[in-house]
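Undergrad: My structure is below; once you've seen it, I'll send some questions.
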Amino acid sequence: MGSHRRPAQSGLDRSARVTVFSAAAATAATAAAALGAAPAGAAPQDTPSDTKAKVDRLYEQAEQATESYNKADERADTLREQVRLAKDSVARGQERINMMRRALGALAGAQYRSGGIDPSLALMLSSDPEGYLDKAAALDRIGARQADELTDLQKAQRALSQERTEATRKLVDLEESRKAVARHKRTVEHKLAKARRLLNSLSSDERDAYDKASRSGRGGLPDLGGAVPASSRAAAAIAAVSSAVGKPYVWGANGPSGFDCSGLTQWAYAQAGVGLPRTSQAQRYAGRQVPLGQAQPGDLVTYRDDASHIGMYMGNGQVVHAPYPGAPVRYDPVGMMPVSSVTRI
């Protein structure tokens with residue numbers, strides 16, 4: 001957002017400032033008259049239908065950005081857990097190495113204390129040669145054990161170094177994912193703000209007409225034709241999604257008080273004990289794809305070539321979905337926009 005601070009006015013006396021401001025006001029008034037006092041956000045030549053089409057495009061672009069946001073956010077959550085596990089593993093590896101070093105130190109000390117002179121001389125001077133030989137064999141075993149422990153220590157150090165490198169890489173990935181989340185969030189907010197400005201540029205009657213057009217024929221429960229769900233888990237998901245009808249669209253939300261499109265379907269199937277991915281693009285591959293003509297209640301219907309929108313088929317050519325900001329979760333015809341795929345969970 002640009003700064004609203006006024007430029008310095010030093011060097012202008014009061015009469016000069018009045019003259020400047022009067023000239024500026026006159027210029028602004030002339031410009032407003034030339035533009036027909038067009039509302040902010042809409043081009044002067046736009047008709048109401050042009051503005052409504054722009055709003056629809058912005059909502060579509062915002063939804064695409066929302067799905068990108070959801071994907072980046074899900075990846076950030078996954079990376080966050082991986083970083084936590086990597087840090088725990090590094091800490092355990094370091095403790096193991098510390099224990100191995102202490103054990104090696106104890107072995108080295110025992111060997112030094114018992115083997116400080118030449119072995120043959122020690123045997124000659126010993127009053128108990130057989131006992132000394134037994135002791136020497138024990139020292140050899142200690143030496144072999146020490147060598148094995150040293151090899152294990154070297155392997156553990158290499159493994160720890162690799163784990164540290166991997167943890168560092170995941171931290172870098174996490175930071176990149178956080179930046180992607182923030183970038184997609186800014187895009188969504190920019191698109192939605194622009195759509196709101198365009199809607200506000202319409203007269204109240206035109207806004208009412210747009211609102212009614214976006215909700216016409218959707219006031220109550222449509223005839224679902226008594227279609228049978230594809231499975232018991234589909235039936236549970238249908239019950240859940242039906243209970244969400246009327247709740248608001250909230251971008252980036254997956255319930256229970258608000259939803260975006262893929263958040264709604266993810267939440268509904270979670271109530272049936274089924275875990276779905278977060279994005280519509282991933283959900284389309286979460287089950288078996290079937291032709292639209294064979295769709296059954298509970299199937300997921302994705303829209304557009306990029307699968308940036310998704311809803312749940314309810315039967316008799318109807319879906320439930322979270323459409324866009326300002327429109328609550330509702331029923332719509334399955335052919336409301338180009339169908340990309342139908343997935344049976």
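Naming scheme: A, B, ... for chains in displayed order of the structure tokens; residues 1 onward per chain; ligands 1 onward as shown.
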Can you pull out every residue within 9 Å of Leu224 in chain A, counting only C-alpha atoms, but drop anything in the same chain fewer than 2 positions away, and send it as number ranges by chain?

TA: A: 221-222, 226-227, 314-318

Undergrad: Those selected residues, please, written with all heavy atoms and delivered as an mmCIF file, in the first residue's frame.

TA:
```
data_model
loop_
_atom_site.group_PDB
_atom_site.id
_atom_site.type_symbol
_atom_site.label_atom_id
_atom_site.label_comp_id
_atom_site.auth_asym_id
_atom_site.auth_seq_id
_atom_site.Cartn_x
_atom_site.Cartn_y
_atom_site.Cartn_z
ATOM 1 N N LEU A 221 -33.600 -27.871 -0.740
ATOM 2 C CA LEU A 221 -33.029 -29.167 -1.084
ATOM 3 C C LEU A 221 -33.577 -29.621 -2.435
ATOM 4 O O LEU A 221 -34.793 -29.743 -2.604
ATOM 5 C CB LEU A 221 -33.377 -30.188 -0.003
ATOM 6 C CG LEU A 221 -32.896 -31.614 -0.241
ATOM 7 C CD1 LEU A 221 -31.378 -31.668 -0.174
ATOM 8 C CD2 LEU A 221 -33.510 -32.560 0.781
ATOM 9 N N PRO A 222 -32.728 -29.871 -3.411
ATOM 10 C CA PRO A 222 -33.219 -30.325 -4.715
ATOM 11 C C PRO A 222 -33.644 -31.784 -4.670
ATOM 12 O O PRO A 222 -33.333 -32.502 -3.717
ATOM 13 C CB PRO A 222 -31.996 -30.122 -5.623
ATOM 14 C CG PRO A 222 -30.833 -30.280 -4.715
ATOM 15 C CD PRO A 222 -31.266 -29.726 -3.377
ATOM 16 N N GLY A 226 -33.333 -40.263 -5.218
ATOM 17 C CA GLY A 226 -33.209 -41.522 -4.497
ATOM 18 C C GLY A 226 -32.021 -42.369 -4.914
ATOM 19 O O GLY A 226 -32.029 -43.596 -4.764
ATOM 20 N N ALA A 227 -30.953 -41.737 -5.437
ATOM 21 C CA ALA A 227 -29.767 -42.492 -5.852
ATOM 22 C C ALA A 227 -29.070 -43.095 -4.642
ATOM 23 O O ALA A 227 -29.104 -42.545 -3.540
ATOM 24 C CB ALA A 227 -28.805 -41.581 -6.604
ATOM 25 N N MET A 314 -24.252 -35.717 -5.498
ATOM 26 C CA MET A 314 -25.303 -36.079 -4.547
ATOM 27 C C MET A 314 -26.416 -36.892 -5.192
ATOM 28 O O MET A 314 -27.290 -37.408 -4.489
ATOM 29 C CB MET A 314 -25.899 -34.808 -3.938
ATOM 30 C CG MET A 314 -24.873 -33.918 -3.256
ATOM 31 S SD MET A 314 -24.063 -34.714 -1.855
ATOM 32 C CE MET A 314 -25.335 -34.556 -0.602
ATOM 33 N N GLY A 315 -26.407 -37.010 -6.528
ATOM 34 C CA GLY A 315 -27.453 -37.739 -7.236
ATOM 35 C C GLY A 315 -28.318 -36.821 -8.069
ATOM 36 O O GLY A 315 -28.426 -35.624 -7.805
ATOM 37 N N ASN A 316 -28.946 -37.384 -9.087
ATOM 38 C CA ASN A 316 -29.878 -36.666 -9.954
ATOM 39 C C ASN A 316 -29.280 -35.383 -10.528
ATOM 40 O O ASN A 316 -29.935 -34.351 -10.616
ATOM 41 C CB ASN A 316 -31.183 -36.355 -9.205
ATOM 42 C CG ASN A 316 -32.336 -36.045 -10.148
ATOM 43 O OD1 ASN A 316 -32.351 -36.504 -11.291
ATOM 44 N ND2 ASN A 316 -33.290 -35.272 -9.687
ATOM 45 N N GLY A 317 -27.982 -35.461 -10.899
ATOM 46 C CA GLY A 317 -27.334 -34.323 -11.550
ATOM 47 C C GLY A 317 -27.020 -33.159 -10.639
ATOM 48 O O GLY A 317 -26.860 -32.030 -11.119
ATOM 49 N N GLN A 318 -26.891 -33.404 -9.333
ATOM 50 C CA GLN A 318 -26.622 -32.330 -8.374
ATOM 51 C C GLN A 318 -25.320 -32.596 -7.623
ATOM 52 O O GLN A 318 -24.990 -33.747 -7.321
ATOM 53 C CB GLN A 318 -27.764 -32.209 -7.356
ATOM 54 C CG GLN A 318 -29.101 -31.832 -7.946
ATOM 55 C CD GLN A 318 -29.127 -30.396 -8.441
ATOM 56 O OE1 GLN A 318 -28.697 -29.487 -7.738
ATOM 57 N NE2 GLN A 318 -29.638 -30.191 -9.650
#
```

Undergrad: Can you pull out the residues contacting range 245-257 of chain A? Cut-off 7 Å, using only C-alpha atoms, and skip same-chain residues under 2 positions away; I want them as a CSV table (one decimal) with N, CA, C and O atoms, in the first residue's frame.

TA:
```
chain,number,residue,atom,x,y,z
A,66,THR,N,-5.9,-20.3,-4.4
A,66,THR,CA,-6.2,-20.9,-3.1
A,66,THR,C,-5.7,-22.4,-3.1
A,66,THR,O,-5.1,-22.8,-2.1
A,70,ASN,N,-3.1,-24.0,-0.6
A,70,ASN,CA,-3.3,-25.2,0.2
A,70,ASN,C,-2.2,-26.3,0.0
A,70,ASN,O,-1.8,-26.9,0.9
A,241,VAL,N,-21.4,-33.7,4.4
A,241,VAL,CA,-21.4,-32.6,3.5
A,241,VAL,C,-22.8,-31.9,3.4
A,241,VAL,O,-22.9,-30.7,3.3
A,242,SER,N,-23.8,-32.7,3.6
A,242,SER,CA,-25.2,-32.2,3.7
A,242,SER,C,-25.4,-31.3,4.9
A,242,SER,O,-26.0,-30.2,4.8
A,243,SER,N,-24.7,-31.6,6.0
A,243,SER,CA,-24.8,-30.8,7.2
A,243,SER,C,-24.0,-29.5,7.1
A,243,SER,O,-24.3,-28.6,7.9
A,259,PHE,N,-15.4,-23.3,4.8
A,259,PHE,CA,-14.7,-24.2,3.9
A,259,PHE,C,-14.4,-23.5,2.6
A,259,PHE,O,-15.1,-22.6,2.1
A,260,ASP,N,-13.2,-24.0,2.0
A,260,ASP,CA,-13.1,-23.8,0.5
A,260,ASP,C,-13.5,-25.1,-0.1
A,260,ASP,O,-13.9,-26.0,0.5
A,263,GLY,N,-11.4,-28.1,0.9
A,263,GLY,CA,-11.5,-28.3,2.3
A,263,GLY,C,-12.8,-28.9,2.7
A,263,GLY,O,-12.9,-29.7,3.7
A,264,LEU,N,-13.9,-28.6,1.9
A,264,LEU,CA,-15.2,-29.2,2.2
A,264,LEU,C,-15.2,-30.7,2.0
A,264,LEU,O,-15.6,-31.5,2.8
A,267,TRP,N,-13.0,-32.5,4.6
A,267,TRP,CA,-13.6,-32.6,5.9
A,267,TRP,C,-14.7,-33.6,5.9
A,267,TRP,O,-14.9,-34.4,6.8
A,322,ALA,N,-18.4,-25.8,-2.2
A,322,ALA,CA,-18.2,-24.4,-1.7
A,322,ALA,C,-17.8,-23.5,-2.8
A,322,ALA,O,-16.7,-23.7,-3.4
A,323,PRO,N,-18.7,-22.7,-3.3
A,323,PRO,CA,-18.5,-22.0,-4.6
A,323,PRO,C,-17.4,-20.9,-4.6
A,323,PRO,O,-16.4,-21.1,-5.3
A,324,TYR,N,-17.5,-19.9,-3.8
A,324,TYR,CA,-16.6,-18.7,-3.8
A,324,TYR,C,-17.0,-17.8,-2.7
A,324,TYR,O,-18.1,-18.0,-2.1
A,325,PRO,N,-16.1,-16.9,-2.3
A,325,PRO,CA,-16.5,-16.0,-1.2
A,325,PRO,C,-17.8,-15.3,-1.4
A,325,PRO,O,-18.1,-14.8,-2.5
A,326,GLY,N,-18.6,-15.2,-0.4
A,326,GLY,CA,-19.9,-14.6,-0.4
A,326,GLY,C,-21.0,-15.6,-0.8
A,326,GLY,O,-22.2,-15.2,-0.6
A,327,ALA,N,-20.7,-16.7,-1.3
A,327,ALA,CA,-21.7,-17.8,-1.6
A,327,ALA,C,-21.5,-18.9,-0.7
A,327,ALA,O,-20.4,-19.5,-0.7
A,328,PRO,N,-22.4,-19.3,0.1
A,328,PRO,CA,-22.2,-20.4,1.1
A,328,PRO,C,-22.2,-21.8,0.4
A,328,PRO,O,-22.5,-21.9,-0.8
A,329,VAL,N,-21.8,-22.8,1.1
A,329,VAL,CA,-21.9,-24.2,0.6
A,329,VAL,C,-23.3,-24.5,0.2
A,329,VAL,O,-24.3,-24.2,0.9
A,330,ARG,N,-23.4,-25.0,-1.1
A,330,ARG,CA,-24.8,-25.1,-1.6
A,330,ARG,C,-24.8,-26.3,-2.7
A,330,ARG,O,-23.8,-26.8,-3.1
```

Undergrad: May I have all residues of range 265-336 of chain A that DSSP, computed from the backbone, assigns to strand (DSSP E), given as a ChimeraX atom specification?

TA: /A:288-290,300-303,309-315,318-321,330-333

Undergrad: Which residue, A:Arg84, A:Asn98, A:Asp205, A:Arg186, has the smallest gap to Gln157 in chain A when you use only C-alpha atoms?

TA: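 Between A:Arg84, A:Asn98, A:Asp205, A:Arg186, the residue approaching Gln157 in chain A most closely is A:Asn98.
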
Undergrad: Can you write out as CSV which residues of range 257-320 of chain A fall within 12 Å of range 50-62 of chain A, alongside each residue's closest atom pair and its distance in Å to one decimal, counting only C-alpha atoms and ordering rows by chain and ascending residue number?

TA:
```
residue,atom,partner,partner_atom,distance
A:Asp260,CA,A:Ala62,CA,11.0
A:Cys261,CA,A:Glu60,CA,11.8
A:Tyr303,CA,A:Glu60,CA,11.0
A:Arg304,CA,A:Glu60,CA,9.9
A:Asp306,CA,A:Glu60,CA,11.3
A:Ala307,CA,A:Glu60,CA,11.5
A:Ser308,CA,A:Glu60,CA,8.4
A:His309,CA,A:Glu60,CA,8.7
```

Undergrad: Could you check the closest approach to Arg75 in chain A for each of A:Asp305, A:Asp46, A:Asp208, A:Asp173 and tell me which residue wins, using only C-alpha atoms?

TA: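 Closest residue, counting only C-alpha atoms: A:Asp173.
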
Undergrad: Skip Ala272 in chain A itself and residues of its chain fewer than 2 positions away, then list as a list of chain:residue names all residues within 7 Å of it, counting only C-alpha atoms.

TA: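 Non-adjacent residues within range: A:Arg233, A:Ala236, A:Ala237, A:Ala268, A:Tyr269, A:Ala270, A:Val274.
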